[in-house]
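Colleague: Sharing work-v7.pdb, PDB, C-alpha atoms and all ligand atoms:
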```
ATOM      1  CA  MET P   1     -17.935 101.455  65.491  1.00  0.00           C
ATOM      2  CA  LYS P   2     -15.014 101.842  63.092  1.00  0.00           C
ATOM      3  CA  ASP P   3     -16.024 102.442  59.489  1.00  0.00           C
ATOM      4  CA  THR P   4     -14.469  99.571  57.499  1.00  0.00           C
ATOM      5  CA  LYS P   5     -15.783 100.634  54.098  1.00  0.00           C
ATOM      6  CA  SER P   6     -12.473 102.150  53.013  1.00  0.00           C
ATOM      7  CA  LEU P   7     -10.315  99.264  54.267  1.00  0.00           C
ATOM      8  CA  PRO P   8      -9.117  96.763  51.654  1.00  0.00           C
ATOM      9  CA  SER P   9     -10.568  93.264  51.821  1.00  0.00           C
ATOM     10  CA  CYS P  10      -8.276  90.302  52.596  1.00  0.00           C
ATOM     11  CA  GLN P  11      -8.324  89.425  48.905  1.00  0.00           C
ATOM     12  CA  GLU P  12      -7.319  92.979  47.954  1.00  0.00           C
ATOM     13  CA  GLU P  13      -4.538  92.942  50.531  1.00  0.00           C
ATOM     14  CA  ALA P  14      -3.264  89.650  49.140  1.00  0.00           C
ATOM     15  CA  ASP P  15      -3.344  91.103  45.606  1.00  0.00           C
ATOM     16  CA  ILE P  16      -1.454  94.192  46.734  1.00  0.00           C
ATOM     17  CA  PHE P  17       1.055  91.941  48.490  1.00  0.00           C
ATOM     18  CA  ARG P  18       1.619  89.852  45.354  1.00  0.00           C
ATOM     19  CA  GLU P  19       1.890  92.946  43.166  1.00  0.00           C
ATOM     20  CA  ASN P  20       4.387  94.776  45.361  1.00  0.00           C
ATOM     21  CA  CYS P  21       6.452  92.155  47.167  1.00  0.00           C
ATOM     22  CA  LEU P  22       7.626  89.966  44.324  1.00  0.00           C
ATOM     23  CA  GLY P  23      11.351  89.477  44.689  1.00  0.00           C
ATOM     24  CA  LEU P  24      11.525  91.149  48.130  1.00  0.00           C
ATOM     25  CA  SER P  25      12.755  89.376  51.235  1.00  0.00           C
ATOM     26  CA  GLU P  26      10.162  88.893  53.959  1.00  0.00           C
ATOM     27  CA  GLN P  27      11.819  91.625  56.036  1.00  0.00           C
ATOM     28  CA  ASP P  28      11.784  94.101  53.144  1.00  0.00           C
ATOM     29  CA  CYS P  29       8.222  93.180  52.372  1.00  0.00           C
ATOM     30  CA  VAL P  30       7.136  93.913  55.933  1.00  0.00           C
ATOM     31  CA  ALA P  31       8.987  97.263  55.750  1.00  0.00           C
ATOM     32  CA  HIS P  32       7.231  97.937  52.483  1.00  0.00           C
ATOM     33  CA  PHE P  33       3.838  97.223  54.049  1.00  0.00           C
ATOM     34  CA  GLU P  34       4.650  99.527  56.934  1.00  0.00           C
ATOM     35  CA  ALA P  35       5.390 102.242  54.366  1.00  0.00           C
ATOM     36  CA  GLN P  36       2.060 101.519  52.687  1.00  0.00           C
ATOM     37  CA  LYS P  37       0.259 101.923  55.996  1.00  0.00           C
ATOM     38  CA  VAL P  38       1.770 105.407  56.222  1.00  0.00           C
ATOM     39  CA  GLN P  39       0.626 106.053  52.652  1.00  0.00           C
ATOM     40  CA  ASN P  40      -2.845 104.829  53.597  1.00  0.00           C
ATOM     41  CA  SER P  41      -3.047 107.241  56.501  1.00  0.00           C
ATOM     42  CA  SER P  42      -1.985 110.019  54.088  1.00  0.00           C
ATOM     43  CA  LEU P  43      -4.826 108.903  51.844  1.00  0.00           C
ATOM     44  CA  GLU P  44      -7.251 109.068  54.760  1.00  0.00           C
ATOM     45  CA  ILE P  45      -6.167 112.678  55.344  1.00  0.00           C
ATOM     46  CA  THR P  46      -6.554 113.384  51.630  1.00  0.00           C
ATOM     47  CA  ASP P  47     -10.036 111.876  51.708  1.00  0.00           C
ATOM     48  CA  ALA P  48     -10.973 114.040  54.673  1.00  0.00           C
ATOM     49  CA  ALA P  49      -9.827 117.148  52.752  1.00  0.00           C
ATOM     50  CA  ILE P  50     -11.715 115.999  49.649  1.00  0.00           C
ATOM     51  CA  GLY P  51     -14.801 115.560  51.833  1.00  0.00           C
ATOM     52  CA  VAL P  52     -14.626 119.244  52.746  1.00  0.00           C
ATOM     53  CA  TRP P  53     -13.375 120.957  49.582  1.00  0.00           C
ATOM     54  CA  GLY P  54     -13.899 118.444  46.766  1.00  0.00           C
ATOM     55  CA  ALA P  55     -11.150 116.623  44.825  1.00  0.00           C
ATOM     56  CA  SER P  56     -10.668 119.437  42.320  1.00  0.00           C
ATOM     57  CA  ARG P  57      -9.525 121.729  45.124  1.00  0.00           C
ATOM     58  CA  VAL P  58      -7.088 119.363  46.803  1.00  0.00           C
ATOM     59  CA  GLY P  59      -3.462 118.760  45.786  1.00  0.00           C
ATOM     60  CA  VAL P  60      -0.806 116.525  47.316  1.00  0.00           C
ATOM     61  CA  ARG P  61       2.970 116.870  47.376  1.00  0.00           C
ATOM     62  CA  LEU P  62       5.114 113.733  47.369  1.00  0.00           C
ATOM     63  CA  SER P  63       8.888 113.479  47.806  1.00  0.00           C
ATOM     64  CA  PRO P  64       9.615 109.893  46.710  1.00  0.00           C
ATOM     65  CA  SER P  65      13.399 110.204  47.022  1.00  0.00           C
ATOM     66  CA  ASN P  66      13.481 112.142  50.288  1.00  0.00           C
ATOM     67  CA  ILE P  67      15.690 110.648  53.014  1.00  0.00           C
ATOM     68  CA  VAL P  68      15.432 113.564  55.435  1.00  0.00           C
ATOM     69  CA  GLY P  69      14.825 112.436  59.026  1.00  0.00           C
ATOM     70  CA  ASP P  70      15.954 108.862  58.241  1.00  0.00           C
ATOM     71  CA  ILE P  71      12.985 108.204  55.972  1.00  0.00           C
ATOM     72  CA  GLU P  72      13.315 104.611  54.814  1.00  0.00           C
ATOM     73  CA  ASP P  73      11.434 102.441  52.389  1.00  0.00           C
ATOM     74  CA  ALA P  74      12.446  99.073  50.986  1.00  0.00           C
ATOM     75  CA  ASP P  75      10.810  99.770  47.647  1.00  0.00           C
ATOM     76  CA  ARG P  76      10.196 103.421  46.925  1.00  0.00           C
ATOM     77  CA  PRO P  77       9.038 102.980  43.308  1.00  0.00           C
ATOM     78  CA  ALA P  78       6.295 100.562  44.404  1.00  0.00           C
ATOM     79  CA  THR P  79       5.221 102.619  47.428  1.00  0.00           C
ATOM     80  CA  TYR P  80       4.985 105.900  45.542  1.00  0.00           C
ATOM     81  CA  SER P  81       3.412 104.302  42.475  1.00  0.00           C
ATOM     82  CA  TYR P  82       0.737 102.992  44.813  1.00  0.00           C
ATOM     83  CA  ALA P  83       0.211 106.466  46.282  1.00  0.00           C
ATOM     84  CA  VAL P  84       0.063 108.122  42.857  1.00  0.00           C
ATOM     85  CA  ARG P  85      -2.402 105.512  41.571  1.00  0.00           C
ATOM     86  CA  LYS P  86      -4.669 106.084  44.558  1.00  0.00           C
ATOM     87  CA  LEU P  87      -4.508 109.875  44.198  1.00  0.00           C
ATOM     88  CA  ASN P  88      -5.154 109.586  40.475  1.00  0.00           C
ATOM     89  CA  GLU P  89      -8.225 107.409  41.189  1.00  0.00           C
ATOM     90  CA  ARG P  90      -9.523 110.141  43.480  1.00  0.00           C
ATOM     91  CA  GLY P  91      -9.049 112.777  40.785  1.00  0.00           C
ATOM     92  CA  VAL P  92      -7.261 115.264  43.035  1.00  0.00           C
ATOM     93  CA  SER P  93      -6.371 118.515  41.333  1.00  0.00           C
ATOM     94  CA  TYR P  94      -2.652 117.812  41.213  1.00  0.00           C
ATOM     95  CA  VAL P  95       0.111 115.631  42.544  1.00  0.00           C
ATOM     96  CA  HIS P  96       3.293 117.568  43.043  1.00  0.00           C
ATOM     97  CA  ILE P  97       6.389 115.363  42.745  1.00  0.00           C
ATOM     98  CA  VAL P  98       9.770 116.461  44.061  1.00  0.00           C
ATOM     99  CA  SER P  99      12.384 115.097  41.702  1.00  0.00           C
ATOM    100  CA  PRO P 100      15.471 113.184  42.937  1.00  0.00           C
ATOM    101  CA  ARG P 101      17.587 115.946  41.367  1.00  0.00           C
ATOM    102  CA  VAL P 102      17.517 117.556  44.823  1.00  0.00           C
ATOM    103  CA  GLN P 103      17.968 116.255  48.331  1.00  0.00           C
ATOM    104  CA  ASP P 104      16.270 118.708  50.665  1.00  0.00           C
ATOM    105  CA  ASN P 105      17.229 121.858  48.755  1.00  0.00           C
ATOM    106  CA  GLU P 106      20.700 120.879  47.551  1.00  0.00           C
ATOM    107  CA  ASP P 107      21.215 119.872  43.920  1.00  0.00           C
ATOM    108  CA  ILE P 108      22.524 116.322  43.626  1.00  0.00           C
ATOM    109  CA  VAL P 109      23.464 114.006  40.797  1.00  0.00           C
ATOM    110  CA  THR P 110      21.458 110.800  40.824  1.00  0.00           C
ATOM    111  CA  THR P 111      20.042 108.163  38.556  1.00  0.00           C
ATOM    112  CA  LEU P 112      17.281 107.176  41.005  1.00  0.00           C
ATOM    113  CA  PRO P 113      14.199 106.436  38.899  1.00  0.00           C
ATOM    114  CA  LEU P 114      11.831 108.439  41.090  1.00  0.00           C
ATOM    115  CA  GLY P 115      11.246 111.586  39.074  1.00  0.00           C
ATOM    116  CA  PRO P 116       8.150 112.814  37.245  1.00  0.00           C
ATOM    117  CA  GLU P 117       9.091 110.738  34.173  1.00  0.00           C
ATOM    118  CA  ARG P 118       8.569 107.539  36.135  1.00  0.00           C
ATOM    119  CA  PHE P 119       5.156 108.432  37.540  1.00  0.00           C
ATOM    120  CA  ARG P 120       3.728 110.222  34.512  1.00  0.00           C
ATOM    121  CA  PRO P 121       2.086 107.125  32.948  1.00  0.00           C
ATOM    122  CA  LEU P 122       0.029 106.660  36.130  1.00  0.00           C
ATOM    123  CA  PHE P 123      -1.800 109.954  35.529  1.00  0.00           C
ATOM    124  CA  THR P 124      -4.740 108.815  33.475  1.00  0.00           C
ATOM    125  CA  GLY P 125      -7.450 111.346  34.258  1.00  0.00           C
ATOM    126  CA  GLU P 126      -7.860 114.961  35.252  1.00  0.00           C
ATOM    127  CA  THR P 127      -5.109 114.997  37.897  1.00  0.00           C
ATOM    128  CA  ARG P 128      -2.189 117.192  36.847  1.00  0.00           C
ATOM    129  CA  LEU P 129       1.473 116.467  37.533  1.00  0.00           C
ATOM    130  CA  ILE P 130       3.573 119.318  38.903  1.00  0.00           C
ATOM    131  CA  ALA P 131       7.326 118.666  39.117  1.00  0.00           C
ATOM    132  CA  ALA P 132       9.824 120.481  41.318  1.00  0.00           C
ATOM    133  CA  GLY P 133      13.433 120.185  42.326  1.00  0.00           C
ATOM    134  CA  GLY P 134      16.554 121.527  40.727  1.00  0.00           C
ATOM    135  CA  TYR P 135      14.937 122.939  37.602  1.00  0.00           C
ATOM    136  CA  GLN P 136      16.118 126.030  35.776  1.00  0.00           C
ATOM    137  CA  PRO P 137      13.592 127.806  33.553  1.00  0.00           C
ATOM    138  CA  ALA P 138      15.053 126.208  30.385  1.00  0.00           C
ATOM    139  CA  ASP P 139      14.993 122.596  31.559  1.00  0.00           C
ATOM    140  CA  ALA P 140      11.569 123.171  33.138  1.00  0.00           C
ATOM    141  CA  GLU P 141      10.365 124.151  29.673  1.00  0.00           C
ATOM    142  CA  ASP P 142      11.963 120.999  28.204  1.00  0.00           C
ATOM    143  CA  LEU P 143      10.203 118.851  30.796  1.00  0.00           C
ATOM    144  CA  ILE P 144       6.837 120.336  29.917  1.00  0.00           C
ATOM    145  CA  GLN P 145       7.482 120.045  26.174  1.00  0.00           C
ATOM    146  CA  SER P 146       8.423 116.376  26.635  1.00  0.00           C
ATOM    147  CA  GLY P 147       5.033 115.813  28.274  1.00  0.00           C
ATOM    148  CA  HIS P 148       6.529 114.516  31.531  1.00  0.00           C
ATOM    149  CA  ALA P 149       4.923 117.277  33.597  1.00  0.00           C
ATOM    150  CA  ASP P 150       2.051 119.719  33.253  1.00  0.00           C
ATOM    151  CA  ALA P 151       3.841 122.418  35.236  1.00  0.00           C
ATOM    152  CA  VAL P 152       7.105 122.976  37.075  1.00  0.00           C
ATOM    153  CA  ALA P 153       7.355 124.683  40.455  1.00  0.00           C
ATOM    154  CA  PHE P 154      10.395 126.620  41.654  1.00  0.00           C
ATOM    155  CA  GLY P 155      11.587 126.931  45.243  1.00  0.00           C
ATOM    156  CA  ARG P 156      14.951 128.615  45.606  1.00  0.00           C
ATOM    157  CA  TRP P 157      14.652 130.708  42.442  1.00  0.00           C
ATOM    158  CA  PHE P 158      11.315 132.058  43.636  1.00  0.00           C
ATOM    159  CA  ILE P 159      12.765 133.010  47.018  1.00  0.00           C
ATOM    160  CA  ALA P 160      15.477 135.061  45.296  1.00  0.00           C
ATOM    161  CA  ASN P 161      13.297 136.456  42.495  1.00  0.00           C
ATOM    162  CA  PRO P 162       9.981 137.935  43.623  1.00  0.00           C
ATOM    163  CA  ASP P 163       9.130 138.614  39.970  1.00  0.00           C
ATOM    164  CA  LEU P 164      10.239 135.182  38.709  1.00  0.00           C
ATOM    165  CA  PRO P 165       7.392 134.700  36.164  1.00  0.00           C
ATOM    166  CA  LEU P 166       8.192 138.065  34.558  1.00  0.00           C
ATOM    167  CA  ARG P 167      11.901 137.282  34.459  1.00  0.00           C
ATOM    168  CA  ILE P 168      11.210 133.927  32.802  1.00  0.00           C
ATOM    169  CA  GLU P 169       8.915 135.598  30.294  1.00  0.00           C
ATOM    170  CA  LEU P 170      11.563 138.213  29.442  1.00  0.00           C
ATOM    171  CA  ASP P 171      14.431 135.708  29.604  1.00  0.00           C
ATOM    172  CA  ALA P 172      16.050 138.086  32.108  1.00  0.00           C
ATOM    173  CA  ALA P 173      18.927 137.197  34.418  1.00  0.00           C
ATOM    174  CA  LEU P 174      17.977 135.737  37.811  1.00  0.00           C
ATOM    175  CA  ASN P 175      19.169 136.968  41.209  1.00  0.00           C
ATOM    176  CA  ARG P 176      21.354 134.314  42.869  1.00  0.00           C
ATOM    177  CA  TYR P 177      19.892 132.952  46.095  1.00  0.00           C
ATOM    178  CA  ASP P 178      21.795 133.297  49.341  1.00  0.00           C
ATOM    179  CA  ARG P 179      21.648 129.902  51.033  1.00  0.00           C
ATOM    180  CA  SER P 180      22.766 131.329  54.403  1.00  0.00           C
ATOM    181  CA  THR P 181      19.431 133.162  54.744  1.00  0.00           C
ATOM    182  CA  PHE P 182      17.184 130.209  53.864  1.00  0.00           C
ATOM    183  CA  TYR P 183      15.907 129.153  57.255  1.00  0.00           C
ATOM    184  CA  GLY P 184      14.956 131.557  59.988  1.00  0.00           C
ATOM    185  CA  GLY P 185      16.864 134.654  60.945  1.00  0.00           C
ATOM    186  CA  THR P 186      15.361 137.930  59.856  1.00  0.00           C
ATOM    187  CA  GLU P 187      13.531 139.259  56.836  1.00  0.00           C
ATOM    188  CA  LYS P 188      16.926 139.309  55.079  1.00  0.00           C
ATOM    189  CA  GLY P 189      16.762 136.927  52.168  1.00  0.00           C
ATOM    190  CA  TYR P 190      12.973 136.959  52.100  1.00  0.00           C
ATOM    191  CA  THR P 191      11.823 140.511  51.388  1.00  0.00           C
ATOM    192  CA  ASP P 192      14.927 142.247  50.068  1.00  0.00           C
ATOM    193  CA  TYR P 193      15.745 140.639  46.717  1.00  0.00           C
ATOM    194  CA  PRO P 194      15.364 143.245  43.975  1.00  0.00           C
ATOM    195  CA  THR P 195      12.667 143.035  41.324  1.00  0.00           C
ATOM    196  CA  LEU P 196      13.592 143.940  37.754  1.00  0.00           C
ATOM    197  CA  SER P 197      11.980 147.351  38.086  1.00  0.00           C
ATOM    198  CA  SER P 198      13.661 148.130  41.426  1.00  0.00           C
ATOM    199  CA  ALA P 199      17.035 147.050  39.988  1.00  0.00           C
ATOM    200  CA  LYS P 200      16.428 149.317  37.011  1.00  0.00           C
ATOM    201  CA  ILE P 201      15.444 152.291  39.192  1.00  0.00           C
ATOM    202  CA  ALA P 202      18.574 151.741  41.308  1.00  0.00           C
ATOM    203  CA  SER P 203      20.828 151.614  38.260  1.00  0.00           C
ATOM    204  CA  VAL P 204      19.180 154.753  36.773  1.00  0.00           C
ATOM    205  CA  SER P 205      19.652 156.704  40.014  1.00  0.00           C
ATOM    206  CA  GLU P 206      23.263 155.553  40.123  1.00  0.00           C
ATOM    207  CA  GLY P 207      23.683 156.823  36.554  1.00  0.00           C
ATOM    208  CA  ILE P 208      24.494 153.339  35.269  1.00  0.00           C
ATOM    209  CA  CYS P 209      21.791 153.335  32.601  1.00  0.00           C
ATOM    210  CA  HIS P 210      19.047 155.562  31.222  1.00  0.00           C
ATOM    211  CA  ALA P 211      15.363 155.040  31.814  1.00  0.00           C
ATOM    212  CA  ALA P 212      13.485 154.148  28.630  1.00  0.00           C
TER     213      ALA P 212
HETATM  214  C1  LIG Y   1      13.894 127.890  52.674  1.00  0.00           C
HETATM  215  C2  LIG Y   1      13.246 126.667  52.132  1.00  0.00           C
HETATM  216  C3  LIG Y   1      12.165 126.101  52.823  1.00  0.00           C
HETATM  217  C4  LIG Y   1      11.522 124.959  52.327  1.00  0.00           C
HETATM  218  N1  LIG Y   1      10.462 124.437  53.012  1.00  0.00           N
HETATM  219  C5  LIG Y   1       9.813 123.351  52.516  1.00  0.00           C
HETATM  220  C6  LIG Y   1       8.691 122.792  53.194  1.00  0.00           C
HETATM  221  O1  LIG Y   1       8.273 123.274  54.252  1.00  0.00           O
HETATM  222  N2  LIG Y   1       8.088 121.706  52.638  1.00  0.00           N
HETATM  223  C7  LIG Y   1       8.524 121.151  51.469  1.00  0.00           C
HETATM  224  O2  LIG Y   1       7.943 120.171  51.005  1.00  0.00           O
HETATM  225  N3  LIG Y   1       9.587 121.651  50.810  1.00  0.00           N
HETATM  226  C8  LIG Y   1      10.239 122.725  51.307  1.00  0.00           C
HETATM  227  N4  LIG Y   1      11.326 123.229  50.651  1.00  0.00           N
HETATM  228  C9  LIG Y   1      11.785 122.548  49.436  1.00  0.00           C
HETATM  229  C10 LIG Y   1      11.255 123.257  48.218  1.00  0.00           C
HETATM  230  O3  LIG Y   1       9.842 123.286  48.218  1.00  0.00           O
HETATM  231  C11 LIG Y   1      11.719 122.583  46.933  1.00  0.00           C
HETATM  232  O4  LIG Y   1      11.244 121.257  46.866  1.00  0.00           O
HETATM  233  C12 LIG Y   1      13.214 122.543  46.856  1.00  0.00           C
HETATM  234  O5  LIG Y   1      13.755 123.790  47.164  1.00  0.00           O
HETATM  235  C13 LIG Y   1      13.635 122.104  45.453  1.00  0.00           C
HETATM  236  O6  LIG Y   1      13.118 122.969  44.484  1.00  0.00           O
HETATM  237  P1  LIG Y   1      14.065 124.095  43.857  1.00  0.00           P
HETATM  238  O7  LIG Y   1      15.215 123.352  43.209  1.00  0.00           O
HETATM  239  O8  LIG Y   1      13.200 124.806  42.847  1.00  0.00           O
HETATM  240  O9  LIG Y   1      14.499 124.950  44.974  1.00  0.00           O
HETATM  241  C14 LIG Y   1      11.977 124.367  51.114  1.00  0.00           C
HETATM  242  C15 LIG Y   1      13.061 124.936  50.425  1.00  0.00           C
HETATM  243  C16 LIG Y   1      13.685 126.064  50.922  1.00  0.00           C
HETATM  244  C17 LIG Y   1      14.837 126.651  50.143  1.00  0.00           C
END
```
Could you express the structure from this file as structure tokens?

Modeller:
Amino acid sequence: MKDTKSLPSCQEEADIFRENCLGLSEQDCVAHFEAQKVQNSSLEITDAAIGVWGASRVGVRLSPSNIVGDIEDADRPATYSYAVRKLNERGVSYVHIVSPRVQDNEDIVTTLPLGPERFRPLFTGETRLIAAGGYQPADAEDLIQSGHADAVAFGRWFIANPDLPLRIELDAALNRYDRSTFYGGTEKGYTDYPTLSSAKIASVSEGICHAA
């Protein structure tokens, strides 16, 4: 028999409906509920992982502004707020939020209110907020100082800089990433970006600078 313990009661469903569908047309509201069903199945997967490893060893990544693959949602703020609230209740280790500053891995300009700033107030316990998407080391630092995130993750800069943490620490220049090597192909663009020390060795052997 199906376990119904984790399913919301009719009253809870009605409350959720009232909370999230105010001002939406019936069609949008149905679309919104469909999106919530997807969120609920994500939560079931999260719960299964928590059952094995414990909440403190499970993290979830959300991309509230992602439209890749025709992703649609009538009310993204409500859907993702719901997901963040539920993950926060579970006390997962972190929720990783991809900011609307990127679409896929291209920087974009947007005012969509779906970044870490929006969801931050929903983190009320031990769950940490990691932000990602279009951050440079300096604005990542600003985001952390402002309290809108506990940590910032880097994608493209990490691909191009195998020693990224050291470079950030030393305020050193970053290698530019080569977008043409991002997906597939060979090891080119994955294992051949120079580290600071390899760049220094190369420049010493070329007589460009002197070793310390
Ligand atoms: C080559 C490449 C592969 C990626 N693969 C994934 C992926 O499998 N899942 C995912 O959620 N994001 C993926 N991303 C997106 C990054 O995790 C990250 O969200 C995005 O690059 C924005 O962060 P950035 O501005 O620091 O690069 C990928 C990005 C790149 C460049």

Colleague: When the PyMOL selection byres (((chain P and resi 123) around 10) and not hetatm) is applied to the structure above, which residues does it catch, written out as a count of residues only?

Modeller: 18

Colleague: Considering only C-alpha atoms, return as a list in words whatever protein or nucleic-acid residues lie within 12 Å of Thr195 (chain P), sequence-local ones (same chain, fewer than 5 positions apart) excluded.

Modeller: Phe158, Ile159, Ala160, Asn161, Pro162, Asp163, Leu164, Pro165, Leu166, Arg167, Ala172, Ala173, Leu174, Asn175, Lys200, Ile201 and Ala202 of chain P

Colleague: Pull out every residue that the PyMOL selection byres (((not hetatm)) within 12 of (chain Y and resi 1)) matches in the shown coordinates and put them as number ranges by chain.

Modeller: P: 60-66, 68, 96-108, 130-137, 139-140, 152-161, 164, 176-185, 189-190

Colleague: For the atom pair CA of His148 (chain P) and CA of Glu117 (chain P), what is the interatomic distance in Å to one decimal place?

Modeller: 5.3 Å

Colleague: When you draw a straight line from CA of Asp142 (chain P) to CA of Arg90 (chain P), how long is it in Å?

Modeller: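 Result for CA of Asp142 (chain P) versus CA of Arg90 (chain P): 28.5 Å, one decimal.
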
Colleague: With only C-alpha atoms counted, which protein, DNA or RNA residues have an atom no more than 12 Å from (-2.5, 111.6, 52.3) in the file frame? Please answer as a VMD selection string.

Modeller: chain P and resid 36 to 50 58 to 62 80 82 to 84 86 to 87 90 92 95
